[in-house]
$ cat coords24.json   # JSON, C-alpha atoms
[["chain", "number", "residue", "atom", "x", "y", "z"],
["A", 1, "MET", "CA", 0.00, 0.00, 0.00],
["A", 2, "LYS", "CA", 1.43, 3.35, -1.02],
["A", 3, "PRO", "CA", 1.99, 5.76, 1.90],
["A", 4, "GLN", "CA", -0.63, 8.47, 2.09],
["A", 5, "ASN", "CA", 0.13, 12.18, 2.46],
["A", 6, "ILE", "CA", -1.50, 12.99, 5.80],
["A", 7, "GLY", "CA", -2.28, 16.39, 7.29],
["A", 8, "SER", "CA", -2.17, 19.98, 6.10],
["A", 9, "ARG", "CA", 0.92, 22.15, 5.78],
["A", 10, "ALA", "CA", -0.32, 24.61, 8.37],
["A", 11, "ASN", "CA", 2.92, 25.13, 10.29],
["A", 12, "GLU", "CA", 5.59, 27.57, 9.21],
["A", 13, "ILE", "CA", 8.87, 26.15, 7.93],
["A", 14, "ILE", "CA", 12.08, 28.01, 8.71],
["A", 15, "SER", "CA", 13.54, 29.39, 5.49],
["A", 16, "GLY", "CA", 16.64, 27.90, 3.92],
["A", 17, "GLY", "CA", 15.54, 24.27, 4.12],
["A", 18, "GLN", "CA", 16.18, 24.12, 7.85],
["A", 19, "ILE", "CA", 14.16, 22.33, 10.47],
["A", 20, "GLU", "CA", 10.46, 22.99, 10.98],
["A", 21, "TYR", "CA", 8.97, 24.05, 14.31],
["A", 22, "ARG", "CA", 5.48, 23.17, 15.49],
["A", 23, "LEU", "CA", 3.35, 24.00, 18.50],
["A", 24, "LEU", "CA", 3.25, 21.30, 21.15],
["A", 25, "GLY", "CA", -0.49, 21.52, 21.61],
["A", 26, "ARG", "CA", -1.74, 23.94, 24.22],
["A", 27, "THR", "CA", 1.63, 24.06, 26.01],
["A", 28, "GLY", "CA", 2.61, 26.94, 23.74],
["A", 29, "LEU", "CA", 6.07, 25.43, 23.24],
["A", 30, "SER", "CA", 7.42, 25.66, 19.69],
["A", 31, "VAL", "CA", 9.28, 22.38, 19.23],
["A", 32, "SER", "CA", 11.42, 21.06, 16.41],
["A", 33, "ALA", "CA", 9.78, 18.55, 14.09],
["A", 34, "VAL", "CA", 12.68, 16.24, 14.97],
["A", 35, "GLY", "CA", 12.99, 15.35, 18.65],
["A", 36, "PHE", "CA", 15.93, 13.60, 20.27],
["A", 37, "GLY", "CA", 14.95, 10.32, 21.94],
["A", 38, "CYS", "CA", 17.33, 9.15, 24.66],
["A", 39, "GLY", "CA", 15.85, 5.69, 25.20],
["A", 40, "SER", "CA", 17.12, 2.14, 25.18],
["A", 41, "THR", "CA", 16.24, 1.38, 21.55],
["A", 42, "GLY", "CA", 18.87, 3.75, 20.15],
["A", 43, "GLY", "CA", 20.94, 3.17, 23.25],
["A", 44, "LEU", "CA", 23.30, 6.16, 23.01],
["A", 45, "PHE", "CA", 22.40, 7.62, 26.40],
["A", 46, "VAL", "CA", 22.16, 4.25, 28.09],
["A", 47, "ARG", "CA", 25.25, 2.51, 26.71],
["A", 48, "GLY", "CA", 27.24, 5.13, 24.79],
["A", 49, "SER", "CA", 30.40, 7.00, 25.74],
["A", 50, "SER", "CA", 30.28, 10.57, 27.02],
["A", 51, "GLU", "CA", 32.23, 11.68, 23.94],
["A", 52, "ALA", "CA", 29.69, 10.11, 21.57],
["A", 53, "GLN", "CA", 26.84, 11.61, 23.57],
["A", 54, "ARG", "CA", 28.33, 15.11, 23.38],
["A", 55, "ALA", "CA", 28.99, 14.79, 19.65],
["A", 56, "ALA", "CA", 25.42, 13.72, 18.92],
["A", 57, "VAL", "CA", 23.80, 16.37, 21.11],
["A", 58, "SER", "CA", 26.06, 19.10, 19.73],
["A", 59, "CYS", "CA", 25.07, 18.06, 16.21],
["A", 60, "ALA", "CA", 21.39, 18.07, 17.17],
["A", 61, "ILE", "CA", 21.50, 21.50, 18.78],
["A", 62, "GLU", "CA", 23.39, 22.99, 15.83],
["A", 63, "GLY", "CA", 20.83, 21.43, 13.50],
["A", 64, "GLY", "CA", 17.94, 23.07, 15.34],
["A", 65, "ILE", "CA", 16.63, 20.19, 17.48],
["A", 66, "ASN", "CA", 15.20, 21.73, 20.63],
["A", 67, "TYR", "CA", 13.22, 18.88, 22.24],
["A", 68, "PHE", "CA", 14.85, 16.01, 24.14],
["A", 69, "ASP", "CA", 12.99, 13.05, 25.61],
["A", 70, "THR", "CA", 14.22, 10.72, 28.35],
["A", 71, "ALA", "CA", 12.75, 8.60, 31.16],
["A", 72, "ALA", "CA", 13.63, 7.29, 34.59],
["A", 73, "GLN", "CA", 13.28, 3.73, 33.27],
["A", 74, "TYR", "CA", 15.93, 4.13, 30.58],
["A", 75, "GLY", "CA", 18.98, 2.41, 32.02],
["A", 76, "ASN", "CA", 17.57, 2.77, 35.55],
["A", 77, "GLY", "CA", 18.23, 6.50, 35.48],
["A", 78, "ARG", "CA", 21.43, 6.44, 33.42],
["A", 79, "SER", "CA", 19.79, 8.18, 30.47],
["A", 80, "GLU", "CA", 18.62, 11.08, 32.62],
["A", 81, "ALA", "CA", 22.01, 11.43, 34.32],
["A", 82, "ASN", "CA", 23.95, 11.24, 31.06],
["A", 83, "LEU", "CA", 21.65, 13.68, 29.29],
["A", 84, "GLY", "CA", 21.77, 16.17, 32.13],
["A", 85, "ARG", "CA", 25.57, 16.04, 32.24],
["A", 86, "THR", "CA", 25.87, 16.39, 28.46],
["A", 87, "LEU", "CA", 23.56, 19.39, 28.27],
["A", 88, "SER", "CA", 25.43, 21.02, 31.14],
["A", 89, "ASP", "CA", 28.80, 20.40, 29.49],
["A", 90, "LEU", "CA", 27.54, 22.01, 26.29],
["A", 91, "GLY", "CA", 25.78, 24.88, 28.03],
["A", 92, "ALA", "CA", 22.59, 23.91, 26.19],
["A", 93, "SER", "CA", 19.05, 24.37, 27.50],
["A", 94, "PRO", "CA", 16.55, 22.80, 25.08],
["A", 95, "TYR", "CA", 13.04, 21.80, 26.01],
["A", 96, "LEU", "CA", 13.18, 18.63, 28.04],
["A", 97, "GLY", "CA", 10.66, 15.90, 28.77],
["A", 98, "THR", "CA", 10.97, 12.92, 31.07],
["A", 99, "LYS", "CA", 8.64, 10.06, 31.89],
["A", 100, "LEU", "CA", 7.72, 8.39, 35.16],
["A", 101, "HIS", "CA", 6.35, 4.87, 35.61],
["A", 102, "LEU", "CA", 3.65, 4.13, 38.16],
["A", 103, "PHE", "CA", 2.48, 0.73, 39.39],
["A", 104, "PRO", "CA", -1.16, 0.00, 40.24],
["A", 105, "ASN", "CA", -0.32, -0.52, 43.93],
["A", 106, "GLU", "CA", 1.09, 3.01, 44.09],
["A", 107, "ILE", "CA", -2.21, 4.71, 43.30],
["A", 108, "PRO", "CA", -3.40, 5.05, 46.93],
["A", 109, "ASP", "CA", -0.35, 7.23, 47.67],
["A", 110, "VAL", "CA", 0.19, 8.56, 44.17],
["A", 111, "THR", "CA", 0.63, 12.24, 45.05],
["A", 112, "ARG", "CA", 3.60, 11.59, 47.34],
["A", 113, "ILE", "CA", 5.08, 8.86, 45.16],
["A", 114, "ILE", "CA", 4.99, 10.69, 41.84],
["A", 115, "ARG", "CA", 6.44, 13.84, 43.38],
["A", 116, "GLY", "CA", 9.26, 11.76, 44.83],
["A", 117, "LYS", "CA", 9.93, 10.13, 41.46],
["A", 118, "LEU", "CA", 10.05, 13.45, 39.64],
["A", 119, "THR", "CA", 12.32, 14.89, 42.32],
["A", 120, "GLU", "CA", 14.75, 12.03, 41.72],
["A", 121, "SER", "CA", 14.58, 12.54, 37.95],
["A", 122, "LEU", "CA", 15.29, 16.24, 38.35],
["A", 123, "ARG", "CA", 18.24, 15.45, 40.61],
["A", 124, "ARG", "CA", 19.73, 13.13, 37.99],
["A", 125, "LEU", "CA", 19.15, 15.69, 35.24],
["A", 126, "GLY", "CA", 20.49, 18.58, 37.30],
["A", 127, "TYR", "CA", 17.30, 20.55, 36.64],
["A", 128, "GLU", "CA", 14.87, 22.30, 38.97],
["A", 129, "ARG", "CA", 11.95, 21.99, 36.54],
["A", 130, "ILE", "CA", 11.02, 19.81, 33.59],
["A", 131, "ASP", "CA", 9.10, 21.13, 30.59],
["A", 132, "VAL", "CA", 6.98, 18.00, 30.12],
["A", 133, "CYS", "CA", 6.40, 15.24, 32.69],
["A", 134, "THR", "CA", 4.74, 12.18, 31.14],
["A", 135, "LEU", "CA", 3.17, 9.09, 32.67],
["A", 136, "HIS", "CA", 5.15, 6.11, 31.34],
["A", 137, "THR", "CA", 2.61, 3.42, 32.26],
["A", 138, "ARG", "CA", 0.36, 1.65, 29.78],
["A", 139, "VAL", "CA", -3.35, 2.41, 30.09],
["A", 140, "GLY", "CA", -5.65, -0.59, 30.35],
["A", 141, "SER", "CA", -6.79, -3.51, 32.46],
["A", 142, "GLY", "CA", -3.59, -5.59, 32.48],
["A", 143, "PRO", "CA", -1.78, -6.43, 35.73],
["A", 144, "ASP", "CA", 0.87, -3.73, 35.24],
["A", 145, "GLU", "CA", -1.42, -1.23, 33.52],
["A", 146, "LEU", "CA", -3.47, 1.61, 34.94],
["A", 147, "PRO", "CA", -7.17, 1.88, 34.10],
["A", 148, "GLY", "CA", -8.21, 5.06, 32.36],
["A", 149, "SER", "CA", -10.36, 6.05, 35.33],
["A", 150, "ASP", "CA", -7.26, 6.13, 37.56],
["A", 151, "VAL", "CA", -5.23, 8.02, 34.96],
["A", 152, "VAL", "CA", -7.80, 10.80, 34.53],
["A", 153, "GLY", "CA", -8.56, 10.79, 38.26],
["A", 154, "PRO", "CA", -5.91, 10.47, 40.99],
["A", 155, "VAL", "CA", -2.93, 10.29, 38.62],
["A", 156, "ALA", "CA", -3.93, 13.43, 36.72],
["A", 157, "ASP", "CA", -4.65, 15.19, 40.02],
["A", 158, "ALA", "CA", -1.18, 14.30, 41.33],
["A", 159, "MET", "CA", 0.52, 15.35, 38.11],
["A", 160, "ALA", "CA", -1.36, 18.65, 38.08],
["A", 161, "GLU", "CA", 0.13, 19.33, 41.51],
["A", 162, "LEU", "CA", 3.59, 18.96, 39.98],
["A", 163, "VAL", "CA", 2.73, 21.85, 37.66],
["A", 164, "SER", "CA", 1.30, 23.92, 40.52],
["A", 165, "ALA", "CA", 4.49, 23.30, 42.51],
["A", 166, "GLY", "CA", 6.63, 24.58, 39.64],
["A", 167, "LEU", "CA", 8.30, 21.20, 39.06],
["A", 168, "ALA", "CA", 6.78, 20.66, 35.60],
["A", 169, "GLY", "CA", 5.48, 22.91, 32.88],
["A", 170, "ALA", "CA", 3.06, 20.42, 31.34],
["A", 171, "ILE", "CA", 1.89, 16.84, 31.86],
["A", 172, "GLY", "CA", 1.36, 13.98, 29.46],
["A", 173, "PHE", "CA", 0.52, 10.31, 29.05],
["A", 174, "THR", "CA", 1.93, 7.51, 26.93],
["A", 175, "GLY", "CA", -0.46, 6.37, 24.20],
["A", 176, "LEU", "CA", 0.02, 2.65, 24.67],
["A", 177, "GLY", "CA", -2.44, 0.12, 26.05],
["A", 178, "GLU", "CA", -6.09, -0.52, 25.30],
["A", 179, "THR", "CA", -7.55, 1.75, 22.64],
["A", 180, "LYS", "CA", -10.83, 2.43, 24.42],
["A", 181, "GLU", "CA", -9.04, 3.42, 27.61],
["A", 182, "LEU", "CA", -6.61, 5.64, 25.71],
["A", 183, "HIS", "CA", -9.52, 7.45, 24.09],
["A", 184, "LEU", "CA", -10.99, 8.06, 27.54],
["A", 185, "VAL", "CA", -7.75, 9.68, 28.68],
["A", 186, "ALA", "CA", -7.31, 11.75, 25.51],
["A", 187, "SER", "CA", -10.83, 13.16, 25.72],
["A", 188, "SER", "CA", -10.64, 13.95, 29.44],
["A", 189, "GLY", "CA", -9.00, 17.35, 29.07],
["A", 190, "ARG", "CA", -6.55, 16.50, 31.86],
["A", 191, "PHE", "CA", -3.36, 16.20, 29.80],
["A", 192, "ASP", "CA", -1.35, 18.55, 27.60],
["A", 193, "VAL", "CA", 0.86, 16.10, 25.66],
["A", 194, "PHE", "CA", 0.87, 12.44, 24.69],
["A", 195, "GLN", "CA", 3.33, 10.00, 23.18],
["A", 196, "CYS", "CA", 1.81, 8.72, 19.94],
["A", 197, "TYR", "CA", 2.57, 5.32, 18.40],
["A", 198, "TYR", "CA", 2.68, 6.05, 14.66],
["A", 199, "ASN", "CA", 4.58, 4.59, 11.73],
["A", 200, "LEU", "CA", 4.30, 3.31, 8.16],
["A", 201, "LEU", "CA", 3.32, -0.15, 9.34],
["A", 202, "ASN", "CA", 0.64, 1.07, 11.71],
["A", 203, "PRO", "CA", -0.68, 4.60, 11.11],
["A", 204, "SER", "CA", -4.05, 3.87, 12.74],
["A", 205, "ALA", "CA", -3.63, 6.69, 15.27],
["A", 206, "SER", "CA", -4.33, 8.96, 12.29],
["A", 207, "ASN", "CA", -6.02, 6.57, 9.83],
["A", 208, "PRO", "CA", -8.51, 4.50, 11.85],
["A", 209, "GLY", "CA", -8.52, 0.78, 11.20],
["A", 210, "SER", "CA", -6.04, -2.03, 11.67],
["A", 211, "PRO", "CA", -3.68, -1.96, 8.68],
["A", 212, "ASP", "CA", -3.58, -5.75, 8.39],
["A", 213, "GLY", "CA", -6.42, -7.07, 10.54],
["A", 214, "ILE", "CA", -3.91, -8.11, 13.22],
["A", 215, "SER", "CA", -2.15, -4.95, 14.35],
["A", 216, "GLN", "CA", -3.75, -2.78, 17.00],
["A", 217, "ASP", "CA", -6.24, -0.22, 15.79],
["A", 218, "PHE", "CA", -5.63, 3.02, 17.68],
["A", 219, "ASP", "CA", -8.81, 4.29, 16.01],
["A", 220, "GLY", "CA", -7.75, 7.87, 15.32],
["A", 221, "LEU", "CA", -6.23, 8.54, 18.75],
["A", 222, "LEU", "CA", -3.96, 11.23, 17.29],
["A", 223, "ASN", "CA", -6.91, 13.03, 15.72],
["A", 224, "LEU", "CA", -8.89, 12.87, 18.97],
["A", 225, "ALA", "CA", -5.95, 14.23, 20.93],
["A", 226, "ALA", "CA", -5.44, 17.08, 18.47],
["A", 227, "ASP", "CA", -9.12, 17.98, 18.72],
["A", 228, "HIS", "CA", -8.63, 18.37, 22.48],
["A", 229, "GLY", "CA", -5.55, 20.57, 22.13],
["A", 230, "ILE", "CA", -3.08, 17.86, 23.10],
["A", 231, "GLY", "CA", 0.41, 18.04, 21.64],
["A", 232, "SER", "CA", 1.83, 14.81, 20.25],
["A", 233, "VAL", "CA", 5.28, 13.25, 20.43],
["A", 234, "GLY", "CA", 5.66, 10.64, 17.69],
["A", 235, "ILE", "CA", 7.27, 7.41, 18.88],
["A", 236, "ARG", "CA", 8.23, 4.12, 17.25],
["A", 237, "VAL", "CA", 8.48, 5.76, 13.83],
["A", 238, "LEU", "CA", 11.07, 3.16, 12.72],
["A", 239, "ALA", "CA", 9.06, 0.33, 14.34],
["A", 240, "GLY", "CA", 11.88, -0.50, 16.71],
["A", 241, "GLY", "CA", 14.37, -0.62, 13.83],
["A", 242, "ALA", "CA", 12.31, -2.71, 11.41],
["A", 243, "LEU", "CA", 11.94, 0.34, 9.15],
["A", 244, "ALA", "CA", 15.62, 1.29, 9.37],
["A", 245, "GLY", "CA", 16.33, -0.51, 6.11],
["A", 246, "GLY", "CA", 18.18, -3.64, 7.17],
["A", 247, "GLU", "CA", 18.40, -6.43, 9.71],
["A", 248, "SER", "CA", 21.73, -5.30, 11.20],
["A", 249, "ARG", "CA", 21.55, -3.18, 14.35],
["A", 250, "HIS", "CA", 23.95, -0.59, 15.69],
["A", 251, "PRO", "CA", 26.21, -1.96, 18.47],
["A", 252, "LEU", "CA", 24.61, 0.45, 20.96],
["A", 253, "ALA", "CA", 21.05, -0.35, 19.91],
["A", 254, "GLY", "CA", 18.99, -2.19, 22.46],
["A", 255, "PRO", "CA", 17.89, -5.79, 22.07],
["A", 256, "ILE", "CA", 14.60, -6.54, 20.39],
["A", 257, "GLY", "CA", 12.16, -5.98, 23.21],
["A", 258, "ASN", "CA", 8.56, -6.82, 23.92],
["A", 259, "PRO", "CA", 5.98, -5.51, 21.44],
["A", 260, "MET", "CA", 4.63, -2.06, 22.29],
["A", 261, "ALA", "CA", 1.36, -2.58, 20.45],
["A", 262, "LYS", "CA", -0.74, -5.57, 19.47],
["A", 263, "GLY", "CA", 0.50, -7.11, 16.23],
["A", 264, "GLU", "CA", 3.99, -5.61, 16.49],
["A", 265, "GLY", "CA", 6.87, -8.06, 16.13],
["A", 266, "TYR", "CA", 10.35, -7.31, 14.88],
["A", 267, "CYS", "CA", 10.71, -10.23, 12.47],
["A", 268, "SER", "CA", 7.22, -9.88, 11.04],
["A", 269, "ASP", "CA", 7.65, -6.10, 10.81],
["A", 270, "LEU", "CA", 10.86, -6.60, 8.83],
["A", 271, "ARG", "CA", 8.92, -8.70, 6.33],
["A", 272, "ARG", "CA", 6.08, -6.19, 6.15],
["A", 273, "ALA", "CA", 8.52, -3.33, 5.65],
["A", 274, "THR", "CA", 9.84, -4.84, 2.40],
["A", 275, "LYS", "CA", 6.57, -4.04, 0.61],
["A", 276, "TYR", "CA", 7.53, -0.36, 0.72],
["A", 277, "LEU", "CA", 10.88, -0.82, -1.01],
["A", 278, "GLY", "CA", 9.21, -0.58, -4.41],
["A", 279, "TYR", "CA", 7.92, 2.91, -3.61],
["A", 280, "LEU", "CA", 11.29, 4.52, -2.86],
["A", 281, "CYS", "CA", 11.91, 5.85, -6.38],
["A", 282, "GLU", "CA", 8.27, 6.78, -6.89],
["A", 283, "MET", "CA", 8.24, 8.77, -3.65],
["A", 284, "GLY", "CA", 11.62, 10.38, -4.36],
["A", 285, "VAL", "CA", 13.38, 8.98, -1.31],
["A", 286, "SER", "CA", 16.74, 7.30, -0.93],
["A", 287, "SER", "CA", 16.02, 4.70, 1.73],
["A", 288, "LEU", "CA", 13.36, 2.99, 3.79],
["A", 289, "ALA", "CA", 14.46, 4.99, 6.83],
["A", 290, "GLU", "CA", 13.95, 8.24, 4.93],
["A", 291, "LEU", "CA", 10.50, 7.12, 3.83],
["A", 292, "ALA", "CA", 9.57, 6.20, 7.41],
["A", 293, "TYR", "CA", 10.78, 9.46, 8.94],
["A", 294, "ARG", "CA", 9.28, 11.67, 6.25],
["A", 295, "PHE", "CA", 5.99, 9.79, 6.48],
["A", 296, "ALA", "CA", 5.85, 10.80, 10.14],
["A", 297, "PHE", "CA", 7.03, 14.38, 9.49],
["A", 298, "THR", "CA", 4.30, 14.81, 6.86],
["A", 299, "ASN", "CA", 1.55, 14.41, 9.44],
["A", 300, "GLN", "CA", 1.13, 17.93, 10.80],
["A", 301, "ARG", "CA", -0.79, 16.67, 13.81],
["A", 302, "ILE", "CA", 2.45, 15.24, 15.18],
["A", 303, "SER", "CA", 4.29, 18.02, 16.97],
["A", 304, "THR", "CA", 7.70, 16.34, 17.13],
["A", 305, "VAL", "CA", 8.97, 13.00, 15.83],
["A", 306, "LEU", "CA", 11.40, 11.28, 18.17],
["A", 307, "GLY", "CA", 14.50, 9.75, 16.65],
["A", 308, "GLY", "CA", 16.00, 6.92, 18.68],
["A", 309, "PHE", "CA", 19.61, 7.74, 17.90],
["A", 310, "SER", "CA", 22.69, 5.58, 18.42],
["A", 311, "ASP", "CA", 25.30, 8.06, 17.16],
["A", 312, "LYS", "CA", 25.93, 11.44, 15.56],
["A", 313, "THR", "CA", 25.67, 10.00, 12.04],
["A", 314, "GLN", "CA", 22.06, 9.01, 12.66],
["A", 315, "VAL", "CA", 21.28, 12.51, 13.93],
["A", 316, "ASP", "CA", 22.79, 14.04, 10.79],
["A", 317, "GLN", "CA", 20.82, 11.63, 8.64],
["A", 318, "CYS", "CA", 17.51, 12.41, 10.33],
["A", 319, "LEU", "CA", 18.08, 16.16, 10.03],
["A", 320, "GLU", "CA", 18.78, 15.69, 6.33],
["A", 321, "PHE", "CA", 15.54, 13.75, 5.92],
["A", 322, "ALA", "CA", 13.62, 16.51, 7.69],
["A", 323, "SER", "CA", 15.14, 19.19, 5.46],
["A", 324, "ARG", "CA", 13.67, 17.46, 2.39],
["A", 325, "GLY", "CA", 10.16, 18.30, 3.51],
["A", 326, "PRO", "CA", 6.92, 16.30, 3.37],
["A", 327, "LEU", "CA", 6.33, 13.36, 1.09],
["A", 328, "PRO", "CA", 4.80, 14.21, -2.30]]
$ encode --input "coords24.json" --output "structure tokens"
Amino acid sequence: MKPQNIGSRANEIISGGQIEYRLLGRTGLSVSAVGFGCGSTGGLFVRGSSEAQRAAVSCAIEGGINYFDTAAQYGNGRSEANLGRTLSDLGASPYLGTKLHLFPNEIPDVTRIIRGKLTESLRRLGYERIDVCTLHTRVGSGPDELPGSDVVGPVADAMAELVSAGLAGAIGFTGLGETKELHLVASSGRFDVFQCYYNLLNPSASNPGSPDGISQDFDGLLNLAADHGIGSVGIRVLAGGALAGGESRHPLAGPIGNPMAKGEGYCSDLRRATKYLGYLCEMGVSSLAELAYRFAFTNQRISTVLGGFSDKTQVDQCLEFASRGPLP
């Protein structure tokens, strides 16, 4: 199936073929269309050297990237500590988001617990305040998931107190879990930002319907969120590496982990990705990775697309893809 051109070109593009900036929903933040993901999939800020981390971040800042995403879970805090040190070394102060995981048994004392977790994250980062604090727990009825009623109730209340206390500028949720529950959270009006699962293999957050009858149908979650003024952070745009254009993985890249969404599987995704190879020339792109990134950039409802980088070369490559604009 040929990739569709999704979304209007409503946001201004910086002249000279540079990076585009978009509003992060009602936060008012103007964020780069490319965001810097510091997670375990790319692995740079979990397993990389300080020299490689500085080189990649310096490249990103010079290229106009102004949004960085990390989480307490990434390397048990190593990502936050490494990112904070790197930004300090470079004297850089981009917009910064981190994510906190909650367990169901923590809900009765969620206000104290989540404040303690954010305080620890801020200590590792060397910051007094985070721009975006996001819930990192799946939403649903599973044993390690939080039901939507808890997320829009006590969790949202506790996170709102983080904003009132000046510890966070905005709050968000991760758009993974059961679709019905995610829609409940998105329509609640309690959150400013969400992390949106969106890629060539499963664009159902924007185009409702399972793409293959097996993969999870997010049933237009991105559209619903946008209608409620929620900014979106695009995640999994390379499907965990399956859309990177080959089976080999960077030495720093994380192992193939558990599926994030129903129907996702690295080996099957690799096979499904090959059907797009025939469109590269037709779409005027040089690689499957370029097609995947530009597919995500083309959707104007996505505020920033996170790249899970392993080194400076990948940052350079992603910036080059972004400079080529939307897909035709």
$ residues_around --input "coords24.json" --residues "Ser232 in chain A" --least-positions-apart "6" --cutoff "7 Å" --atoms "only C-alpha atoms" --output "PDB file with C-alpha atoms, keeping the file's coordinate frame"
ATOM      1  CA  LEU A  24       3.250  21.300  21.150  1.00  0.00           C
ATOM      2  CA  VAL A 193       0.860  16.100  25.660  1.00  0.00           C
ATOM      3  CA  PHE A 194       0.870  12.440  24.690  1.00  0.00           C
ATOM      4  CA  GLN A 195       3.330  10.000  23.180  1.00  0.00           C
ATOM      5  CA  CYS A 196       1.810   8.720  19.940  1.00  0.00           C
ATOM      6  CA  ILE A 302       2.450  15.240  15.180  1.00  0.00           C
ATOM      7  CA  SER A 303       4.290  18.020  16.970  1.00  0.00           C
ATOM      8  CA  THR A 304       7.700  16.340  17.130  1.00  0.00           C
TER       9      THR A 304
END
$ atom_distance --input "coords24.json" --atom1 "CA of Gly189 in chain A" --atom2 "CA of Leu118 in chain A"
22.1 Å
$ atom_distance --input "coords24.json" --atom1 "CA of Arg249 in chain A" --atom2 "CA of Leu87 in chain A"
26.6 Å
$ atom_distance --input "coords24.json" --atom1 "CA of Leu44 in chain A" --atom2 "CA of Gly175 in chain A"
23.8 Å
$ residues_near_point --input "coords24.json" --point "(3.4, 8.3, 31.3)" --cutoff "9 Å" --atoms "all atoms listed in the file" --output "number ranges by chain"
A: 98-102, 133-138, 171-175, 194-195
$ residues_around --input "coords24.json" --residues "Ile230 in chain A" --least-positions-apart "2" --cutoff "7 Å" --atoms "all atoms listed in the file" --output "list in words"
Gly25, Arg26, Phe191, Asp192, Val193, Phe194, Ala225, Ala226, His228 and Ser232 of chain A
$ closest_residue --input "coords24.json" --among "A:Leu122, A:Glu62, A:Arg301, A:Ser210" --to "Leu23 in chain A" --atoms "only C-alpha atoms"
A:Arg301
$ residues_around --input "coords24.json" --residues "Asp212 in chain A" --least-positions-apart "6" --cutoff "10 Å" --atoms "all atoms listed in the file" --output "MDAnalysis selection string"
chainID A and resid 201:202 263 272
$ residues_around --input "coords24.json" --residues "Asp69 in chain A" --least-positions-apart "6" --cutoff "12 Å" --atoms "only C-alpha atoms" --output "PDB file with C-alpha atoms, in the frame of the given file"
ATOM      1  CA  VAL A  31       9.280  22.380  19.230  1.00  0.00           C
ATOM      2  CA  VAL A  34      12.680  16.240  14.970  1.00  0.00           C
ATOM      3  CA  GLY A  35      12.990  15.350  18.650  1.00  0.00           C
ATOM      4  CA  PHE A  36      15.930  13.600  20.270  1.00  0.00           C
ATOM      5  CA  GLY A  37      14.950  10.320  21.940  1.00  0.00           C
ATOM      6  CA  CYS A  38      17.330   9.150  24.660  1.00  0.00           C
ATOM      7  CA  GLY A  39      15.850   5.690  25.200  1.00  0.00           C
ATOM      8  CA  SER A  40      17.120   2.140  25.180  1.00  0.00           C
ATOM      9  CA  PHE A  45      22.400   7.620  26.400  1.00  0.00           C
ATOM     10  CA  SER A  79      19.790   8.180  30.470  1.00  0.00           C
ATOM     11  CA  GLU A  80      18.620  11.080  32.620  1.00  0.00           C
ATOM     12  CA  LEU A  83      21.650  13.680  29.290  1.00  0.00           C
ATOM     13  CA  GLY A  84      21.770  16.170  32.130  1.00  0.00           C
ATOM     14  CA  PRO A  94      16.550  22.800  25.080  1.00  0.00           C
ATOM     15  CA  TYR A  95      13.040  21.800  26.010  1.00  0.00           C
ATOM     16  CA  LEU A  96      13.180  18.630  28.040  1.00  0.00           C
ATOM     17  CA  GLY A  97      10.660  15.900  28.770  1.00  0.00           C
ATOM     18  CA  THR A  98      10.970  12.920  31.070  1.00  0.00           C
ATOM     19  CA  LYS A  99       8.640  10.060  31.890  1.00  0.00           C
ATOM     20  CA  LEU A 100       7.720   8.390  35.160  1.00  0.00           C
ATOM     21  CA  LEU A 125      19.150  15.690  35.240  1.00  0.00           C
ATOM     22  CA  ILE A 130      11.020  19.810  33.590  1.00  0.00           C
ATOM     23  CA  ASP A 131       9.100  21.130  30.590  1.00  0.00           C
ATOM     24  CA  VAL A 132       6.980  18.000  30.120  1.00  0.00           C
ATOM     25  CA  CYS A 133       6.400  15.240  32.690  1.00  0.00           C
ATOM     26  CA  THR A 134       4.740  12.180  31.140  1.00  0.00           C
ATOM     27  CA  HIS A 136       5.150   6.110  31.340  1.00  0.00           C
ATOM     28  CA  GLN A 195       3.330  10.000  23.180  1.00  0.00           C
ATOM     29  CA  VAL A 233       5.280  13.250  20.430  1.00  0.00           C
ATOM     30  CA  GLY A 234       5.660  10.640  17.690  1.00  0.00           C
ATOM     31  CA  ILE A 235       7.270   7.410  18.880  1.00  0.00           C
ATOM     32  CA  THR A 304       7.700  16.340  17.130  1.00  0.00           C
ATOM     33  CA  VAL A 305       8.970  13.000  15.830  1.00  0.00           C
ATOM     34  CA  LEU A 306      11.400  11.280  18.170  1.00  0.00           C
ATOM     35  CA  GLY A 307      14.500   9.750  16.650  1.00  0.00           C
ATOM     36  CA  GLY A 308      16.000   6.920  18.680  1.00  0.00           C
ATOM     37  CA  PHE A 309      19.610   7.740  17.900  1.00  0.00           C
TER      38      PHE A 309
END
$ residues_near_point --input "coords24.json" --point "(-1.5, 11.5, 40.7)" --cutoff "9 Å" --atoms "only C-alpha atoms" --output "compact mmCIF listing (two decimals) with C-alpha atoms, keeping the file's coordinate frame"
# COMPACT_ATOMS: atom_id res chain seq x y z
CA ILE A 107 -2.21 4.71 43.30
CA ASP A 109 -0.35 7.23 47.67
CA VAL A 110 0.19 8.56 44.17
CA THR A 111 0.63 12.24 45.05
CA ARG A 112 3.60 11.59 47.34
CA ILE A 113 5.08 8.86 45.16
CA ILE A 114 4.99 10.69 41.84
CA ARG A 115 6.44 13.84 43.38
CA ASP A 150 -7.26 6.13 37.56
CA VAL A 151 -5.23 8.02 34.96
CA VAL A 152 -7.80 10.80 34.53
CA GLY A 153 -8.56 10.79 38.26
CA PRO A 154 -5.91 10.47 40.99
CA VAL A 155 -2.93 10.29 38.62
CA ALA A 156 -3.93 13.43 36.72
CA ASP A 157 -4.65 15.19 40.02
CA ALA A 158 -1.18 14.30 41.33
CA MET A 159 0.52 15.35 38.11
CA ALA A 160 -1.36 18.65 38.08
CA GLU A 161 0.13 19.33 41.51
$ closest_residue --input "coords24.json" --among "A:Val285, A:Leu270, A:Val139, A:Ala81" --to "Gln53 in chain A" --atoms "only C-alpha atoms"
A:Ala81
